[in-house]
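Note: the block below is start32.cif and it holds mmCIF, C-alpha atoms.
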data_protein
loop_
_atom_site.label_atom_id
_atom_site.label_comp_id
_atom_site.auth_asym_id
_atom_site.auth_seq_id
_atom_site.Cartn_x
_atom_site.Cartn_y
_atom_site.Cartn_z
CA PRO I 25 14.11 -60.02 27.45
CA GLY I 26 11.68 -57.11 27.23
CA HIS I 27 8.62 -57.20 24.97
CA PRO I 28 7.66 -60.72 23.78
CA ALA I 29 7.75 -59.60 20.13
CA LEU I 30 11.37 -58.43 20.41
CA ARG I 31 14.02 -60.69 18.95
CA THR I 32 16.34 -62.58 21.25
CA HIS I 33 20.07 -62.30 20.59
CA ALA I 34 20.02 -65.74 18.93
CA GLN I 35 17.06 -64.77 16.73
CA GLU I 36 18.78 -61.51 15.81
CA ARG I 37 21.91 -63.41 14.75
CA LYS I 38 19.93 -65.89 12.65
CA LEU I 39 17.91 -63.12 10.98
CA LYS I 40 21.07 -61.26 10.02
CA GLU I 41 22.49 -64.49 8.54
CA ALA I 42 19.26 -64.94 6.55
CA ILE I 43 19.31 -61.36 5.28
CA GLN I 44 22.92 -61.72 4.19
CA GLY I 45 22.16 -64.90 2.29
CA VAL I 46 18.70 -64.46 0.79
CA ASP I 47 20.04 -63.68 -2.68
CA LYS I 48 22.37 -66.69 -2.52
CA ILE I 49 19.48 -68.96 -1.50
CA PHE I 50 17.40 -67.84 -4.48
CA ALA I 51 20.37 -68.02 -6.84
CA SER I 52 21.00 -71.63 -5.81
CA GLY I 53 17.57 -72.75 -6.99
CA ILE I 54 16.65 -74.56 -3.76
CA SER I 55 13.88 -72.20 -2.72
CA HIS I 56 10.80 -70.48 -4.10
CA VAL I 57 8.73 -67.58 -2.82
CA VAL I 58 4.95 -67.62 -2.63
CA ALA I 59 3.96 -63.99 -2.79
CA LEU I 60 0.99 -62.93 -0.70
CA PRO I 61 0.34 -59.39 -1.93
CA LYS I 62 -2.84 -58.78 0.08
CA ILE I 63 -2.76 -57.82 3.73
CA HIS I 64 -5.15 -59.94 5.69
CA ASN I 65 -7.73 -58.62 8.11
CA LEU I 66 -5.81 -57.59 11.20
CA SER I 67 -8.78 -56.43 13.27
CA ASN I 68 -8.42 -59.32 15.75
CA LEU I 69 -4.72 -58.70 16.28
CA ASN I 70 -3.83 -58.26 19.95
CA GLU I 71 -1.79 -55.06 19.78
CA ALA I 72 -0.56 -55.58 23.33
CA ILE I 73 1.49 -58.49 22.00
CA PHE I 74 2.04 -57.72 18.29
CA THR I 75 2.80 -54.64 16.26
CA ARG I 76 0.31 -54.00 13.47
CA ARG I 77 2.15 -53.35 10.19
CA GLU I 78 -0.31 -52.40 7.51
CA ALA I 79 2.16 -50.97 5.00
CA LYS I 80 1.83 -52.53 1.56
CA PHE I 81 4.52 -55.15 1.02
CA THR I 82 6.09 -53.16 -1.83
CA LYS I 83 6.71 -50.28 0.63
CA ARG I 84 8.66 -52.48 3.04
CA PHE I 85 12.36 -52.54 2.27
CA TRP I 86 12.81 -56.16 3.42
CA CYS I 87 9.98 -57.27 1.11
CA ARG I 88 11.43 -55.29 -1.80
CA VAL I 89 14.83 -56.95 -1.30
CA GLU I 90 13.28 -60.39 -1.10
CA ILE I 91 10.96 -59.92 -4.09
CA LEU I 92 13.76 -58.45 -6.21
CA ALA I 93 16.05 -61.39 -5.37
CA ALA I 94 13.27 -63.89 -6.03
CA TYR I 95 12.28 -62.17 -9.29
CA LEU I 96 15.87 -61.82 -10.45
CA PHE I 97 16.48 -65.56 -10.05
CA ASN I 98 12.99 -66.59 -11.28
CA ARG I 99 11.94 -68.00 -7.90
CA ILE I 100 8.44 -66.52 -7.53
CA ALA I 101 6.06 -69.47 -7.49
CA ASN I 102 2.98 -67.38 -8.32
CA PRO I 103 4.03 -64.35 -10.43
CA GLU I 104 0.51 -64.09 -11.86
CA ASP I 105 -0.75 -63.05 -8.41
CA ILE I 106 1.51 -60.00 -8.24
CA SER I 107 0.35 -57.08 -10.31
CA ASP I 108 2.99 -54.66 -9.11
CA ILE I 109 6.38 -56.32 -8.81
CA PRO I 110 8.60 -53.39 -7.96
CA ARG I 111 11.24 -52.69 -10.56
CA SER I 112 14.80 -52.39 -9.39
CA ARG I 113 16.18 -48.95 -8.72
CA SER I 114 19.70 -47.74 -8.14
CA PRO I 115 20.95 -48.02 -4.56
CA ALA I 116 21.09 -44.21 -4.39
CA SER I 117 17.44 -44.07 -5.42
CA ILE I 118 16.54 -46.62 -2.74
CA GLU I 119 18.38 -44.52 -0.13
CA LYS I 120 16.26 -41.51 -1.12
CA MET I 121 13.07 -43.59 -0.95
CA LEU I 122 14.05 -44.66 2.58
CA GLN I 123 14.90 -41.09 3.53
CA PHE I 124 11.54 -39.74 2.37
CA GLY I 125 9.42 -42.62 3.74
CA GLU I 126 8.53 -44.13 0.36
CA LEU I 127 10.13 -47.31 1.68
CA ILE I 128 10.15 -48.31 5.33
CA VAL I 129 12.42 -50.41 7.52
CA SER I 130 10.75 -51.89 10.59
CA CYS I 131 14.00 -52.42 12.43
CA GLU I 132 16.60 -49.76 11.67
CA SER I 133 19.47 -52.06 12.65
CA ASP I 134 18.55 -54.30 9.68
CA ARG I 135 18.98 -51.45 7.20
CA PRO I 136 22.74 -51.84 6.42
CA LEU I 137 22.41 -55.59 5.77
CA LEU I 138 19.31 -55.08 3.67
CA MET I 139 21.09 -52.42 1.63
CA GLU I 140 24.12 -54.67 1.14
CA THR I 141 21.88 -57.51 -0.07
CA TYR I 142 19.88 -55.14 -2.27
CA LYS I 143 23.09 -53.87 -3.89
CA ARG I 144 24.21 -57.41 -4.70
CA CYS I 145 20.84 -58.12 -6.36
CA TYR I 146 20.76 -54.81 -8.19
CA TYR I 147 24.30 -55.07 -9.53
CA THR I 148 23.79 -58.72 -10.47
CA GLU I 149 20.80 -57.63 -12.52
CA GLN I 150 22.86 -54.82 -14.07
CA ARG I 151 25.97 -56.96 -14.71
CA SER I 152 25.73 -56.98 -18.53
CA HIS I 153 25.47 -53.22 -18.62
CA ILE I 154 28.32 -52.84 -16.12
CA ILE I 155 30.57 -55.19 -18.12
CA GLN I 156 29.80 -53.28 -21.30
CA GLN I 157 30.66 -49.97 -19.61
CA ILE I 158 33.91 -51.41 -18.22
CA GLN I 159 34.87 -52.64 -21.68
CA GLN I 160 34.31 -49.11 -22.95
CA GLY I 161 36.54 -47.66 -20.23
CA GLY I 162 33.81 -46.45 -17.88
CA VAL I 163 34.85 -48.45 -14.82
CA SER I 164 35.16 -45.51 -12.42
CA ILE I 165 31.41 -44.89 -12.20
CA TYR I 166 30.74 -48.57 -11.44
CA ILE I 167 33.28 -49.18 -8.66
CA GLU I 168 30.54 -49.88 -6.09
CA GLY I 169 28.83 -52.31 -8.46
CA VAL I 170 32.03 -54.17 -9.27
CA GLN I 171 32.89 -54.45 -5.58
CA SER I 172 29.39 -55.69 -4.79
CA LEU I 173 29.49 -58.29 -7.57
CA LEU I 174 32.91 -59.52 -6.49
CA THR I 175 31.67 -59.83 -2.90
CA ALA I 176 28.71 -61.89 -4.11
CA LEU I 177 31.04 -64.25 -5.98
#
Represent the structure of the file as structure tokens.
Amino acid sequence: PGHPALRTHAQERKLKEAIQGVDKIFASGISHVVALPKIHNLSNLNEAIFTRREAKFTKRFWCRVEILAAYLFNRIANPEDISDIPRSRSPASIEKMLQFGELIVSCESDRPLLMETYKRCYYTEQRSHIIQQIQQGGVSIYIEGVQSLLTAL
């Protein structure tokens, strides 16, 4: 229905399932990511059919979520080819980056699922620090992180 590059309802459903599970796939050890940090020549792209997206992969929120999950679980097959693996940032910081255009989301309806997945990755990475803070009585500032980690488990 509509433009040929638009997702069908079935494709939309499958993409959302993939987004929700990308961190679990990498955590399981069954998959690796081959990072292709360079954007290829798009001059022959038929823009009547496809949308040209020239934003660097580290500016795309989906790519940041995927690379963080892959990096977190040591699933990048070619880490030597990536000179600028983005470091993780707090979810609040990511929200600001999205707000000010430092990160982009191609399809706004994907944003909540991407953020949910990002939070699971971020708080998994921060788990030792969170546990230490909880042991010291600082649980109230990490409620979101604890809830995210429990959801991931």
Requested in this report: One decimal, Å: what's the distance from atom CA of I:Ala94 over to atom CA of I:Gln123, could you say?
Outcome: 24.8 Å
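We find atom CA of I:Glu90 and atom CA of I:His33 to be spaced 22.8 Å apart.
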**Report entry** Explicit residues for the PyMOL selection byres ((chain I and resi 88) around 10) (as JSON, numbers by chain)
**Finding:** {"I": [81, 82, 83, 84, 85, 86, 87, 89, 90, 91, 92, 93, 94, 109, 110, 111, 112, 127, 138, 142]}
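Using all atoms listed in the file, the nearest neighbour of I:Phe97 within the list I:Glu149, I:Asp134, I:Glu140, I:Glu41 is I:Glu149.
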Using the chain letters and numbers from the file, which residues does the PyMOL selection byres ((chain I and resi 45) around 12) grab, as an mmCIF file with C-alpha atoms, keeping the file's coordinate frame?
data_model
loop_
_atom_site.group_PDB
_atom_site.id
_atom_site.type_symbol
_atom_site.label_atom_id
_atom_site.label_comp_id
_atom_site.auth_asym_id
_atom_site.auth_seq_id
_atom_site.Cartn_x
_atom_site.Cartn_y
_atom_site.Cartn_z
ATOM 1 C CA LYS I 38 19.930 -65.890 12.650
ATOM 2 C CA LEU I 39 17.910 -63.120 10.980
ATOM 3 C CA LYS I 40 21.070 -61.260 10.020
ATOM 4 C CA GLU I 41 22.490 -64.490 8.540
ATOM 5 C CA ALA I 42 19.260 -64.940 6.550
ATOM 6 C CA ILE I 43 19.310 -61.360 5.280
ATOM 7 C CA GLN I 44 22.920 -61.720 4.190
ATOM 8 C CA VAL I 46 18.700 -64.460 0.790
ATOM 9 C CA ASP I 47 20.040 -63.680 -2.680
ATOM 10 C CA LYS I 48 22.370 -66.690 -2.520
ATOM 11 C CA ILE I 49 19.480 -68.960 -1.500
ATOM 12 C CA PHE I 50 17.400 -67.840 -4.480
ATOM 13 C CA ALA I 51 20.370 -68.020 -6.840
ATOM 14 C CA SER I 52 21.000 -71.630 -5.810
ATOM 15 C CA VAL I 89 14.830 -56.950 -1.300
ATOM 16 C CA GLU I 90 13.280 -60.390 -1.100
ATOM 17 C CA ALA I 93 16.050 -61.390 -5.370
ATOM 18 C CA LEU I 137 22.410 -55.590 5.770
ATOM 19 C CA LEU I 138 19.310 -55.080 3.670
ATOM 20 C CA GLU I 140 24.120 -54.670 1.140
ATOM 21 C CA THR I 141 21.880 -57.510 -0.070
ATOM 22 C CA TYR I 142 19.880 -55.140 -2.270
ATOM 23 C CA ARG I 144 24.210 -57.410 -4.700
ATOM 24 C CA CYS I 145 20.840 -58.120 -6.360
ATOM 25 C CA THR I 175 31.670 -59.830 -2.900
ATOM 26 C CA ALA I 176 28.710 -61.890 -4.110
#
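Between atom CA of I:Tyr95 and atom CA of I:Ile128 the separation is 20.3 Å.
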Query raised in the report: What does the PyMOL selection byres ((chain I and resi 56) around 9) select in this file, as a PyMOL selection string?
Result: chain I and resi 50+53-55+57-58+94+98-101
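With only C-alpha atoms as the atoms that count, the residue of I:Arg37, I:Val170, I:Ser114, I:Lys120 with the shortest distance to I:Ile158 is I:Val170.
Comparing I:Ile154, I:Leu30, I:Ile167, I:Ile118 by their smallest distance to I:Ser130, the closest is I:Leu30 (using only C-alpha atoms).
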Requested in this report: Dig up all the protein and nucleic acid residues within 9 Å of (29.1, -54.8, -12.5) in the file frame, using all atoms listed in the file, and format them as JSON, numbers by chain.
Outcome: {"I": [147, 148, 149, 150, 151, 152, 153, 154, 155, 156, 157, 158, 163, 166, 167, 168, 169, 170, 171, 172, 173, 174]}
